[in-house]
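Heads up: the structure comes next, in structure tokens.
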Amino acid sequence: MDQQDNSFFRKVSIWLPLLLAGVLALGMFIGLRYQAASAASQGGADLASLHRSLAGQGKIEELLRYIDAKYVEDADEDALTSQAIDAIMKELDPHSNYISAEDLIAINEQLEGNFDGIGVEFMILDDTIVVVTPLAGGPSEAAGIQAGDKIVTIEDSIVAGVELDTQDIFSLLRGEKGTEVKVGIKRAGQKELLSFNITRDKIPVHSVDVAMMLDEKTGFIKVNRFSATTYDEFVQSLEKLVEQHKMVDLVIDLRHNPGGYLTQATNMLSQLFPEKGKLLVYTEGRTVKRTEYSTNGRPFYNIGQVVVLIDEGSASASEIMAGAIQDHDRGVLVGRRSFGKGLVQEQYPLRDGSALRLTVARYYTPSGRCIQKDYEEGDAAAYDHDVEDRFINGELSEEGNIQIADTTKFFTDSGYVVYGGGGITPDVFVPLDTFVLREDYLRWRQYAAGFVFRYVEQEKDLANRYTLDDFVKTYQVPNKVFQEYIQYAREQGEETAVPSNSRVVKEINRFLKARIARQLYGDEGFFAVWNKQDDMVLEALRMLRTENPLATARKQ
């Protein structure tokens, strides 16, 4: 065989796998288009019929069998399939995606609001798993695990001094409900290793971070996502704030909330509107008929004024909630333009345990606006960089730089003009404090969790010396403690210059105080400290203290 022949075969061996992946992609894409057209012509095939159609076509399986049987080299079938799927997904919208079986487990845990495990909050400190707290009512608390316990062994494996990441630990501690896991614990003051057999159980994943009072009449509820349990958690929060603290007005914090289940948002909205049948959102798509979601007229409590906090990380169900409140003039939106996700996905299980999450409709706020921001097929990078672009063009810092993608006017119930096509613009703009992006601030604050855990362990009487209110009002991080923190960061490998900027020092101390409060009093402690200097929270309170918050907001 001459040199030209060798060159030819080398080229074939390089390009043939890519060509085969392209064929796979084309086959899958044509198959999906065929299924969609078939479903549309039949008025929408049911899911079982869709599965039968997918199983029947067999072209992808046939191609893979040929590759496996005849291809000149061993081919990675999983890799080829993955490339084909990725090629198809890139031709759709940014929110249609394939989810592997492994990723699907973690996603479902977040959305369903629970997972099977032992119920501990932990951190990795000096290559050792340290229990921050056993979750109340969980199996670890029942077994006698205590805050500060160090997990040395799990089953027969030594985990102390071994470099494990969080996902490795999850895989060891989590498991099916009812199964047992044996852990070896090193406890302060105990010479011998303590052994515990812990029976795994359902562990709740809370979507409401905190429900607390900001002042004598104003409640604050922070919602981090819309999972299957969010509405129940929201109602329990309202019950606590109204019945125990006589709450009148409410601030709902949806900042950085990526969304989740639409019906959880609409159920929560029904608690804010006394009327029955008031439209909250509707969805519509090519093969999906218009579906309307309205209030049920059964709120448990009479909530006064409402303020909703949103930012560039508020998406999907967060925007449904904000849009309904704005369109019906129910409250004031404070913050920055939301993310801009107005697409509805349905999830279809695949035979190997993975899933296809497919966009099937758009949702529209009560005034009729779709707030989906622009995207181009196959240009996921630009879509993902939208928030970064907002920062560069100054939108996050100056209200006048907000870009309205669609100038079509929509109107709230009172006739106030609002726009769609790229997120929801708040009634009151609060600029991003760009200080939080300073590199030296971010570098020096990253060691707080480990340091604070050790500090509180040493200062065990702190909780006895202060109530939460006293701690918020009077506690200041001693300079000696701040210097110890700097030394701790050095020991962890921080090599940058010791912060000298006065605000950097001030904000690191503020963060340390908030983390100490969390260690002592839970999440309410953290937010009690943090909210005192949170620009959006302060603006919300300023609005609520005016005679007519909505009128005041929209005159600005």
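Chain labels A, B, ... are given in the sequence in which chains occur in the structure tokens; within each chain residues are numbered consecutively from 1, and ligands are likewise numbered from 1 in the order shown.
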Enumerate the residues of range 149-385 of chain A with a DSSP assignment of strand (DSSP E or B), computed from the backbone, and present them as number ranges by chain. A: 150-154, 157-158, 180-186, 194-199, 201-204, 208-213, 218-223, 226, 249-253, 260, 276-284, 291-296, 306-310, 332-335, 343-349, 355-364
Restricting it to C-alpha atoms, dump the selection as a PDB file, in the first residue's frame.
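To be explicit, this is the file written out as result12.pdb:
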ATOM      1  CA  LYS A 150     -16.657  14.557  62.238  1.00  0.00           C
ATOM      2  CA  ILE A 151     -17.518  11.715  59.880  1.00  0.00           C
ATOM      3  CA  VAL A 152     -14.426   9.498  59.718  1.00  0.00           C
ATOM      4  CA  THR A 153     -15.838   6.362  58.083  1.00  0.00           C
ATOM      5  CA  ILE A 154     -18.834   5.523  55.911  1.00  0.00           C
ATOM      6  CA  SER A 157     -14.419   3.226  53.816  1.00  0.00           C
ATOM      7  CA  ILE A 158     -12.254   5.849  55.530  1.00  0.00           C
ATOM      8  CA  GLU A 180     -29.131   1.645  56.486  1.00  0.00           C
ATOM      9  CA  VAL A 181     -25.724   3.296  56.359  1.00  0.00           C
ATOM     10  CA  LYS A 182     -23.063   2.874  59.032  1.00  0.00           C
ATOM     11  CA  VAL A 183     -20.987   5.939  59.907  1.00  0.00           C
ATOM     12  CA  GLY A 184     -18.023   6.289  62.246  1.00  0.00           C
ATOM     13  CA  ILE A 185     -18.009   9.575  64.169  1.00  0.00           C
ATOM     14  CA  LYS A 186     -15.185  11.407  65.950  1.00  0.00           C
ATOM     15  CA  LEU A 194     -18.543   6.351  67.814  1.00  0.00           C
ATOM     16  CA  SER A 195     -20.506   4.083  65.472  1.00  0.00           C
ATOM     17  CA  PHE A 196     -24.041   4.896  64.259  1.00  0.00           C
ATOM     18  CA  ASN A 197     -26.385   2.891  62.065  1.00  0.00           C
ATOM     19  CA  ILE A 198     -28.664   5.450  60.413  1.00  0.00           C
ATOM     20  CA  THR A 199     -31.791   4.456  58.499  1.00  0.00           C
ATOM     21  CA  ASP A 201     -35.540   8.499  55.028  1.00  0.00           C
ATOM     22  CA  LYS A 202     -37.185  11.198  52.949  1.00  0.00           C
ATOM     23  CA  ILE A 203     -35.372  14.484  53.581  1.00  0.00           C
ATOM     24  CA  PRO A 204     -37.186  17.701  52.619  1.00  0.00           C
ATOM     25  CA  VAL A 208     -38.564  28.861  51.217  1.00  0.00           C
ATOM     26  CA  ASP A 209     -35.289  29.988  52.776  1.00  0.00           C
ATOM     27  CA  VAL A 210     -36.798  32.162  55.479  1.00  0.00           C
ATOM     28  CA  ALA A 211     -40.047  33.746  56.699  1.00  0.00           C
ATOM     29  CA  MET A 212     -39.454  36.616  59.128  1.00  0.00           C
ATOM     30  CA  MET A 213     -40.528  40.134  60.048  1.00  0.00           C
ATOM     31  CA  THR A 218     -43.981  43.863  57.362  1.00  0.00           C
ATOM     32  CA  GLY A 219     -43.211  40.220  56.642  1.00  0.00           C
ATOM     33  CA  PHE A 220     -40.433  38.876  54.402  1.00  0.00           C
ATOM     34  CA  ILE A 221     -40.508  35.543  52.570  1.00  0.00           C
ATOM     35  CA  LYS A 222     -37.511  34.411  50.518  1.00  0.00           C
ATOM     36  CA  VAL A 223     -38.370  31.782  47.862  1.00  0.00           C
ATOM     37  CA  PHE A 226     -40.782  26.679  42.780  1.00  0.00           C
ATOM     38  CA  ASP A 249     -47.791  43.863  54.495  1.00  0.00           C
ATOM     39  CA  LEU A 250     -45.550  41.387  52.696  1.00  0.00           C
ATOM     40  CA  VAL A 251     -42.232  41.451  50.806  1.00  0.00           C
ATOM     41  CA  ILE A 252     -41.652  38.391  48.584  1.00  0.00           C
ATOM     42  CA  ASP A 253     -38.019  37.924  47.520  1.00  0.00           C
ATOM     43  CA  GLY A 260     -39.941  25.589  38.499  1.00  0.00           C
ATOM     44  CA  LYS A 276     -62.223  34.303  42.169  1.00  0.00           C
ATOM     45  CA  GLY A 277     -61.559  33.798  38.461  1.00  0.00           C
ATOM     46  CA  LYS A 278     -58.947  36.524  37.977  1.00  0.00           C
ATOM     47  CA  LEU A 279     -56.616  35.475  35.156  1.00  0.00           C
ATOM     48  CA  LEU A 280     -53.038  34.924  36.339  1.00  0.00           C
ATOM     49  CA  VAL A 281     -51.317  33.453  33.269  1.00  0.00           C
ATOM     50  CA  TYR A 282     -52.189  31.502  30.145  1.00  0.00           C
ATOM     51  CA  THR A 283     -50.154  29.128  27.976  1.00  0.00           C
ATOM     52  CA  GLU A 284     -50.464  28.369  24.269  1.00  0.00           C
ATOM     53  CA  THR A 291     -54.859  26.937  28.943  1.00  0.00           C
ATOM     54  CA  GLU A 292     -55.777  29.570  31.512  1.00  0.00           C
ATOM     55  CA  TYR A 293     -54.827  29.669  35.197  1.00  0.00           C
ATOM     56  CA  SER A 294     -56.981  31.827  37.456  1.00  0.00           C
ATOM     57  CA  THR A 295     -57.404  32.655  41.135  1.00  0.00           C
ATOM     58  CA  ASN A 296     -59.517  30.337  43.258  1.00  0.00           C
ATOM     59  CA  VAL A 306     -47.261  43.558  48.517  1.00  0.00           C
ATOM     60  CA  VAL A 307     -43.748  44.164  47.190  1.00  0.00           C
ATOM     61  CA  VAL A 308     -41.926  41.619  45.005  1.00  0.00           C
ATOM     62  CA  LEU A 309     -38.133  41.728  44.619  1.00  0.00           C
ATOM     63  CA  ILE A 310     -36.791  40.585  41.230  1.00  0.00           C
ATOM     64  CA  VAL A 332     -44.930  46.999  43.543  1.00  0.00           C
ATOM     65  CA  LEU A 333     -42.066  45.281  41.707  1.00  0.00           C
ATOM     66  CA  VAL A 334     -38.665  46.413  43.007  1.00  0.00           C
ATOM     67  CA  GLY A 335     -35.271  45.559  41.532  1.00  0.00           C
ATOM     68  CA  LEU A 343     -41.316  29.214  27.352  1.00  0.00           C
ATOM     69  CA  VAL A 344     -43.091  26.202  28.862  1.00  0.00           C
ATOM     70  CA  GLN A 345     -41.410  22.797  28.932  1.00  0.00           C
ATOM     71  CA  GLU A 346     -42.818  19.313  29.329  1.00  0.00           C
ATOM     72  CA  GLN A 347     -40.588  16.425  30.365  1.00  0.00           C
ATOM     73  CA  TYR A 348     -40.761  13.066  28.623  1.00  0.00           C
ATOM     74  CA  PRO A 349     -39.012  10.004  30.136  1.00  0.00           C
ATOM     75  CA  ALA A 355     -35.398  12.439  29.802  1.00  0.00           C
ATOM     76  CA  LEU A 356     -36.222  14.937  27.084  1.00  0.00           C
ATOM     77  CA  ARG A 357     -37.338  18.356  28.293  1.00  0.00           C
ATOM     78  CA  LEU A 358     -39.130  19.925  25.352  1.00  0.00           C
ATOM     79  CA  THR A 359     -40.612  23.402  24.916  1.00  0.00           C
ATOM     80  CA  VAL A 360     -44.283  22.935  23.985  1.00  0.00           C
ATOM     81  CA  ALA A 361     -45.813  26.394  24.555  1.00  0.00           C
ATOM     82  CA  ARG A 362     -45.274  30.012  25.517  1.00  0.00           C
ATOM     83  CA  TYR A 363     -46.833  31.624  28.547  1.00  0.00           C
ATOM     84  CA  TYR A 364     -48.457  35.038  28.598  1.00  0.00           C
TER      85      TYR A 364
END
What residues in range 217-456 of chain A get the DSSP label alpha helix (DSSP H)? Please answer as a PyMOL selection string. chain A and resi 230-239+245+262-270+317-327+380-384+386-392+439-445+448-456
Which residue gives the smallest distance to Pro366 in chain A among A:Asp329, A:Asp406, A:Ala324, A:Asp74, with only C-alpha atoms counted?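 The shortest atom-to-atom distance to Pro366 in chain A comes from A:Ala324.
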Would you mind telling me which residue in A:Asp327, A:Tyr488, A:Glu91, A:Thr467 lies nearest to Tyr419 in chain A when using only C-alpha atoms?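 Among the listed residues, A:Asp327 lies closest to Tyr419 in chain A.
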Work out how far CA of Ile169 in chain A is from CA of Asp352 in chain A, in Å to one decimal.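 Rounded to one decimal, the two atoms are 24.9 Å apart.
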Env of Asp149 in chain A: 12 Å cut, atoms = only C-alpha atoms, seq-sep filter 4 positions within chain, self excluded. Answer as an NGL selection string. :A and (120-125 or 128-134 or 140-141 or 144-145 or 153 or 183-190 or 193-196 or 453 or 457)
Could the residues in this selection be saved with N, CA and C atoms as a compact mmCIF listing (two decimals), in the first residue's frame?
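part-v4.txt was written with the following content:
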# COMPACT_ATOMS: atom_id res chain seq x y z
N VAL A 120 -28.35 15.50 57.16
CA VAL A 120 -27.38 16.36 57.83
C VAL A 120 -26.95 17.47 56.88
N GLU A 121 -26.68 18.62 57.45
CA GLU A 121 -26.00 19.68 56.71
C GLU A 121 -24.53 19.58 57.09
N PHE A 122 -23.65 19.50 56.09
CA PHE A 122 -22.24 19.29 56.38
C PHE A 122 -21.38 20.24 55.58
N MET A 123 -20.12 20.31 55.95
CA MET A 123 -19.12 21.01 55.16
C MET A 123 -17.84 20.18 55.18
N ILE A 124 -16.99 20.43 54.20
CA ILE A 124 -15.69 19.75 54.15
C ILE A 124 -14.65 20.71 54.70
N LEU A 125 -14.05 20.35 55.81
CA LEU A 125 -13.10 21.22 56.49
C LEU A 125 -11.80 20.44 56.69
N THR A 128 -12.01 16.84 55.92
CA THR A 128 -12.84 16.08 56.85
C THR A 128 -14.28 16.55 56.74
N ILE A 129 -15.22 15.59 56.73
CA ILE A 129 -16.64 15.92 56.69
C ILE A 129 -17.09 16.29 58.09
N VAL A 130 -17.52 17.54 58.25
CA VAL A 130 -17.95 18.03 59.57
C VAL A 130 -19.45 18.31 59.52
N VAL A 131 -20.19 17.79 60.48
CA VAL A 131 -21.63 18.02 60.55
C VAL A 131 -21.88 19.44 61.06
N VAL A 132 -22.50 20.27 60.24
CA VAL A 132 -22.88 21.62 60.68
C VAL A 132 -24.10 21.53 61.57
N THR A 133 -25.09 20.77 61.12
CA THR A 133 -26.27 20.53 61.95
C THR A 133 -27.04 19.33 61.41
N PRO A 134 -27.57 18.49 62.31
CA PRO A 134 -28.50 17.45 61.85
C PRO A 134 -29.86 18.12 61.61
N SER A 140 -30.71 11.42 61.17
CA SER A 140 -29.46 11.65 61.89
C SER A 140 -29.71 12.22 63.28
N GLU A 141 -30.65 13.16 63.37
CA GLU A 141 -30.99 13.71 64.68
C GLU A 141 -31.54 12.61 65.58
N GLY A 144 -28.84 10.45 67.02
CA GLY A 144 -27.96 11.06 68.01
C GLY A 144 -26.77 11.80 67.43
N ILE A 145 -26.75 12.04 66.12
CA ILE A 145 -25.67 12.82 65.50
C ILE A 145 -25.78 14.26 65.99
N THR A 153 -15.62 7.52 58.96
CA THR A 153 -15.84 6.36 58.08
C THR A 153 -17.30 6.32 57.64
N VAL A 183 -21.99 4.88 59.90
CA VAL A 183 -20.99 5.94 59.91
C VAL A 183 -20.19 5.90 61.20
N GLY A 184 -18.90 6.18 61.08
CA GLY A 184 -18.02 6.29 62.25
C GLY A 184 -17.78 7.75 62.55
N ILE A 185 -18.03 8.17 63.78
CA ILE A 185 -18.01 9.58 64.17
C ILE A 185 -16.90 9.83 65.19
N LYS A 186 -16.12 10.90 64.95
CA LYS A 186 -15.19 11.41 65.95
C LYS A 186 -15.83 12.62 66.60
N ARG A 187 -16.08 12.52 67.90
CA ARG A 187 -16.76 13.59 68.62
C ARG A 187 -15.82 14.21 69.64
N ALA A 188 -15.86 15.53 69.73
CA ALA A 188 -15.00 16.23 70.68
C ALA A 188 -15.23 15.70 72.09
N GLY A 189 -14.12 15.41 72.81
CA GLY A 189 -14.20 14.91 74.18
C GLY A 189 -14.31 13.40 74.27
N GLN A 190 -14.46 12.74 73.12
CA GLN A 190 -14.57 11.28 73.11
C GLN A 190 -13.31 10.68 72.47
N LEU A 193 -13.87 6.14 68.59
CA LEU A 193 -14.74 6.43 67.46
C LEU A 193 -16.14 5.91 67.78
N LEU A 194 -17.16 6.76 67.56
CA LEU A 194 -18.54 6.35 67.81
C LEU A 194 -19.15 5.80 66.53
N SER A 195 -19.90 4.72 66.65
CA SER A 195 -20.51 4.08 65.47
C SER A 195 -22.02 4.26 65.51
N PHE A 196 -22.60 4.69 64.37
CA PHE A 196 -24.04 4.90 64.26
C PHE A 196 -24.57 4.18 63.02
N PHE A 453 -17.43 28.38 61.44
CA PHE A 453 -17.76 27.13 62.14
C PHE A 453 -16.80 26.92 63.32
N GLU A 457 -17.68 27.26 67.43
CA GLU A 457 -17.38 26.11 68.28
C GLU A 457 -16.55 26.53 69.49
Restricting the calculation to only C-alpha atoms: of A:Ala84, A:Leu272, A:Val288, A:Cys370, which residue gets closest to Gly331 in chain A? A:Leu272
Which of these residues is nearest to His206 in chain A, using only C-alpha atoms: A:Val248, A:Val428, A:Leu135, A:Val417?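 Of the candidates, the smallest distance to His206 in chain A is held by A:Leu135.
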Go through A:Ser397, A:Thr365, A:Asn509, A:Gln236 and flag the residue nearest Gln476 in chain A, using only C-alpha atoms for the distances.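 Closest residue, counting only C-alpha atoms: A:Asn509.
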